[in-house]
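In what follows, a structure is listed as structure tokens, so that the remarks can point back to it.
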Amino acid sequence: MLVDKSHAPRKRFGQNFLHDANIIAKIGKSINPKDTDHMVEIGPGQAALTAEVADHVGKMEVIEIDRDLVPRLLERFSNHHDFTLHECDALKFDFASLNIEGQPYRLIGNLPYNISSPLIFHILESGANISDMTFMLQKEVVDRMCAPPGSKTYGRLSVMVQYYCSAHRLFIVPPGAFYPPPKVDSAIVRLEPHAERALSNNEEEKAMSELVAAAFSQRRKTIRNTLKKWLSADEIEACGIEPSERAEAISVAGFIRLTQAYLAK
Ligand code: SAM
């Protein structure tokens, strides 16, 4: 039995447990755990993914908020050679604290959908050294993360995720793979952080995040309008960008240039 139904799934924790063995194996294969990996999982739940990877990795750490699931997770992995459970809220967790001697770790999770966007921002902005992330999210959120400029779904999430990482949708997972089934399709996304980033520190990246949020705050308006507190039309033009464009037409590189122009003022 993959899901213990005596544990009533908690909506407030976004609990939709994977119970389709084929899908679980497919996700495991796409993660491709190796014995040298330091693997970290957000929301192990009833261990569907954890069990798939834990035995294949050097070090396994999990972060779970639901204290009712903790005893069975500890019991299940009591014989594991190197298993650590952090009972806490991933939104408040210091992801950089898991780096050992600066070495990167891998991050996975079938993420609670109700907090997925803030959680992604929290992780990206954490300063943690992460080699790759494999997440299950609502398909719609994955599509927004991977969207190119000019598409309808291109927005703040696309720009900021693609500023930090390359983002690839791997495959779609239907509602029937979960107990209880969610109302929407899900998808697996692979995020690979860029080795180098254009902005040099957290403050500059925070400015970019705010500038991008302002640009997309009214999607139908031109950036001359939405960014007028940030840059004049001439300053926007000096970045090689038409002030009459809307945010959805501007590439990640364009937003970086706009941020650099603002920071240089
Ligand atoms: N990994 C399991 C699976 O695939 O079946 C469970 C996935 S379920 C969609 C999300 C999991 O994240 C649940 O175990 C839930 O309790 C946990 N969770 C929800 N909010 C959390 C938070 N803020 N911090 C850490 N874990 C959280």
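In the structure tokens, chains take the letters A, B, ... in the order shown, each chain's residues start at 1, and ligands count up from 1 in the order shown.
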query = Can I get the residues close to ligand 1 as a list in words, where close means within 7 Å and we count only C-alpha atoms and all ligand atoms?
reply =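 These are the residues that qualify: Phe13, Gly14, Gln15, Asn16, Phe17, Leu18, His19, Ile42, Gly43, Pro44, Gly45, Gln46, Ala47, Ala48, Leu49, Ile63, Glu64, Ile65, Asp66, Cys88, Asp89, Ala90, Leu91, Gly109, Asn110, Leu111, Pro112 and Tyr113 of chain A.
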ask   = Residues of range 13-207 of chain A in helix (DSSP H, G or I) according to DSSP, as an MDAnalysis selection string?
value = chainID A and resid 13 21:31 48:56 70:76 95:98 113:124 139:146 156:164 175:177 202:207
Quick one: everything within 6 Å of Ile108 in chain A, counting only C-alpha atoms, minus sequence neighbours fewer than 3 positions away in the same chain. Send it as an mmCIF file with all heavy atoms, in the first residue's frame.
```
data_model
loop_
_atom_site.group_PDB
_atom_site.id
_atom_site.type_symbol
_atom_site.label_atom_id
_atom_site.label_comp_id
_atom_site.auth_asym_id
_atom_site.auth_seq_id
_atom_site.Cartn_x
_atom_site.Cartn_y
_atom_site.Cartn_z
ATOM 1 N N GLU A 41 14.627 16.777 0.371
ATOM 2 C CA GLU A 41 13.258 16.740 -0.131
ATOM 3 C C GLU A 41 12.351 17.622 0.719
ATOM 4 O O GLU A 41 12.373 17.546 1.950
ATOM 5 C CB GLU A 41 12.702 15.301 -0.117
ATOM 6 C CG GLU A 41 11.277 15.251 -0.675
ATOM 7 C CD GLU A 41 10.640 13.860 -0.624
ATOM 8 O OE1 GLU A 41 11.216 12.933 -0.030
ATOM 9 O OE2 GLU A 41 9.523 13.744 -1.178
ATOM 10 N N MET A 133 17.082 21.179 -9.122
ATOM 11 C CA MET A 133 15.820 20.985 -8.397
ATOM 12 C C MET A 133 14.850 20.265 -9.313
ATOM 13 O O MET A 133 14.748 20.606 -10.499
ATOM 14 C CB MET A 133 15.203 22.329 -8.015
ATOM 15 C CG MET A 133 16.102 23.178 -7.143
ATOM 16 S SD MET A 133 15.475 24.862 -6.932
ATOM 17 C CE MET A 133 16.828 25.802 -7.637
ATOM 18 N N THR A 134 14.168 19.263 -8.786
ATOM 19 C CA THR A 134 13.126 18.571 -9.540
ATOM 20 C C THR A 134 11.856 18.662 -8.710
ATOM 21 O O THR A 134 11.797 18.115 -7.604
ATOM 22 C CB THR A 134 13.501 17.092 -9.789
ATOM 23 O OG1 THR A 134 14.809 17.043 -10.347
ATOM 24 C CG2 THR A 134 12.507 16.439 -10.739
ATOM 25 N N PHE A 135 10.883 19.399 -9.225
ATOM 26 C CA PHE A 135 9.662 19.642 -8.456
ATOM 27 C C PHE A 135 8.426 19.209 -9.224
ATOM 28 O O PHE A 135 8.367 19.338 -10.455
ATOM 29 C CB PHE A 135 9.491 21.141 -8.169
ATOM 30 C CG PHE A 135 10.523 21.732 -7.245
ATOM 31 C CD1 PHE A 135 11.064 22.990 -7.513
ATOM 32 C CD2 PHE A 135 10.932 21.067 -6.095
ATOM 33 C CE1 PHE A 135 12.005 23.560 -6.657
ATOM 34 C CE2 PHE A 135 11.880 21.628 -5.242
ATOM 35 C CZ PHE A 135 12.405 22.884 -5.524
#
```
Report the closest atom pair, with its distance in Å rounded to one decimal, for each residue of range 81-199 of chain A that has an atom no farther than 7 Å from range 240-249 of chain A; count only C-alpha atoms, sort by chain and then rising residue number, and write it as a Markdown table.
```
| residue | atom | partner | partner_atom | distance |
| --- | --- | --- | --- | --- |
| A:Pro149 | CA | A:Ala249 | CA | 5.4 |
| A:Gly150 | CA | A:Ala249 | CA | 4.8 |
| A:Tyr154 | CA | A:Glu248 | CA | 6.0 |
| A:Gly155 | CA | A:Glu248 | CA | 6.5 |
```
Writing out the chosen residues with N, CA, C and O atoms as an mmCIF file, in the first residue's frame:
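File written: part.cif
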```
data_model
loop_
_atom_site.group_PDB
_atom_site.id
_atom_site.type_symbol
_atom_site.label_atom_id
_atom_site.label_comp_id
_atom_site.auth_asym_id
_atom_site.auth_seq_id
_atom_site.Cartn_x
_atom_site.Cartn_y
_atom_site.Cartn_z
ATOM 1 N N PRO A 149 9.336 34.975 -23.448
ATOM 2 C CA PRO A 149 8.747 36.300 -23.610
ATOM 3 C C PRO A 149 7.756 36.293 -24.774
ATOM 4 O O PRO A 149 7.944 35.554 -25.738
ATOM 5 N N GLY A 150 6.729 37.083 -24.651
ATOM 6 C CA GLY A 150 5.747 37.189 -25.733
ATOM 7 C C GLY A 150 4.580 36.240 -25.549
ATOM 8 O O GLY A 150 3.540 36.407 -26.164
ATOM 9 N N TYR A 154 3.803 34.358 -19.745
ATOM 10 C CA TYR A 154 5.079 34.964 -19.327
ATOM 11 C C TYR A 154 4.802 36.069 -18.311
ATOM 12 O O TYR A 154 4.019 36.988 -18.585
ATOM 13 N N GLY A 155 5.417 35.948 -17.144
ATOM 14 C CA GLY A 155 5.167 36.949 -16.101
ATOM 15 C C GLY A 155 6.321 36.998 -15.118
ATOM 16 O O GLY A 155 7.426 36.530 -15.417
#
```
ask   = If you measure from CA of Thr84 in chain A to CA of His56 in chain A, what distance in Å do you get, rounded to one decimal?
value =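 We find that CA of Thr84 in chain A and CA of His56 in chain A lie 15.2 Å from each other.
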Considering only C-alpha atoms, tabulate each residue of range 220-259 of chain A that lies at most 9 Å from range 187-199 of chain A along with its nearest interatomic pair and the corresponding distance in Å to one decimal; arrange the rows by chain and ascending residue number and present them as JSON lines.
```
{"residue": "A:Ala253", "atom": "CA", "partner": "A:Ala198", "partner_atom": "CA", "distance": 8.9}
{"residue": "A:Ile256", "atom": "CA", "partner": "A:Ala198", "partner_atom": "CA", "distance": 7.3}
{"residue": "A:Thr259", "atom": "CA", "partner": "A:Leu199", "partner_atom": "CA", "distance": 8.9}
```
task = Name the closest residue to Ile115 in chain A among the candidates A:Asp185, A:Cys165, A:Glu205, A:Arg12; distances are taken between atoms, counting only C-alpha atoms.
result =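 Looking at the shortest contact to Ile115 in chain A, the residue is A:Arg12.
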remark   = In Å and to one decimal, CA of Ile172 in chain A is distant from CA of Ser116 in chain A by 16.8 Å
query = Taking only C-alpha atoms into account, which of A:Ala233, A:Ile250, A:Ala207, A:Leu85 comes nearest Arg219 in chain A?
reply =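 So, comparing all the options, the nearest one is A:Ile250.
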inquiry  = Under the rule that only C-alpha atoms are counted, which of A:Tyr262, A:Phe93, A:Phe216, A:Phe255 is the nearest residue to Arg156 in chain A?
reply    = A:Phe216
ask   = In Å, how far is it from CA of Val141 in chain A to CA of Pro182 in chain A?
value =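 So the answer is 14.2 Å.
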inquiry  = What parts of range 31-108 of chain A does DSSP call strand (DSSP E or B)? I'd like the answer as an NGL selection string.
reply    = :A and (38-42 or 59-64 or 83-87 or 100 or 103 or 105-108)
task = Pick out the closest residue to Glu101 in chain A from this set: A:Ala128, A:Ala213, A:Leu73, A:Val57. Count only C-alpha atoms.
result =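 Distance minimum relative to Glu101 in chain A lands on A:Ala128.
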query = Between A:Phe95, A:Trp230, A:Tyr179, A:Tyr163, which has the minimum distance to Pro9 in chain A (counting only C-alpha atoms)?
reply = A:Tyr179
ask   = Which residues come within 12 Å of His80 in chain A, counting only C-alpha atoms, excluding same-chain residues fewer than 3 positions away, as a list of chain:residue names?
value = A:Thr50, A:Ala51, A:Val53, A:Ala54, A:Asp55, A:His56, A:Val57, A:Gly58, A:Lys59, A:Met60, A:Glu61, A:Leu73, A:Leu74, A:Glu75, A:Arg76, A:Phe77, A:Phe83, A:Thr84, A:Leu85
key: Shell around Glu52 in chain A at 8 Å using only C-alpha atoms, local window under 5 positions removed, as a ChimeraX atom specification   = /A:24-25,28
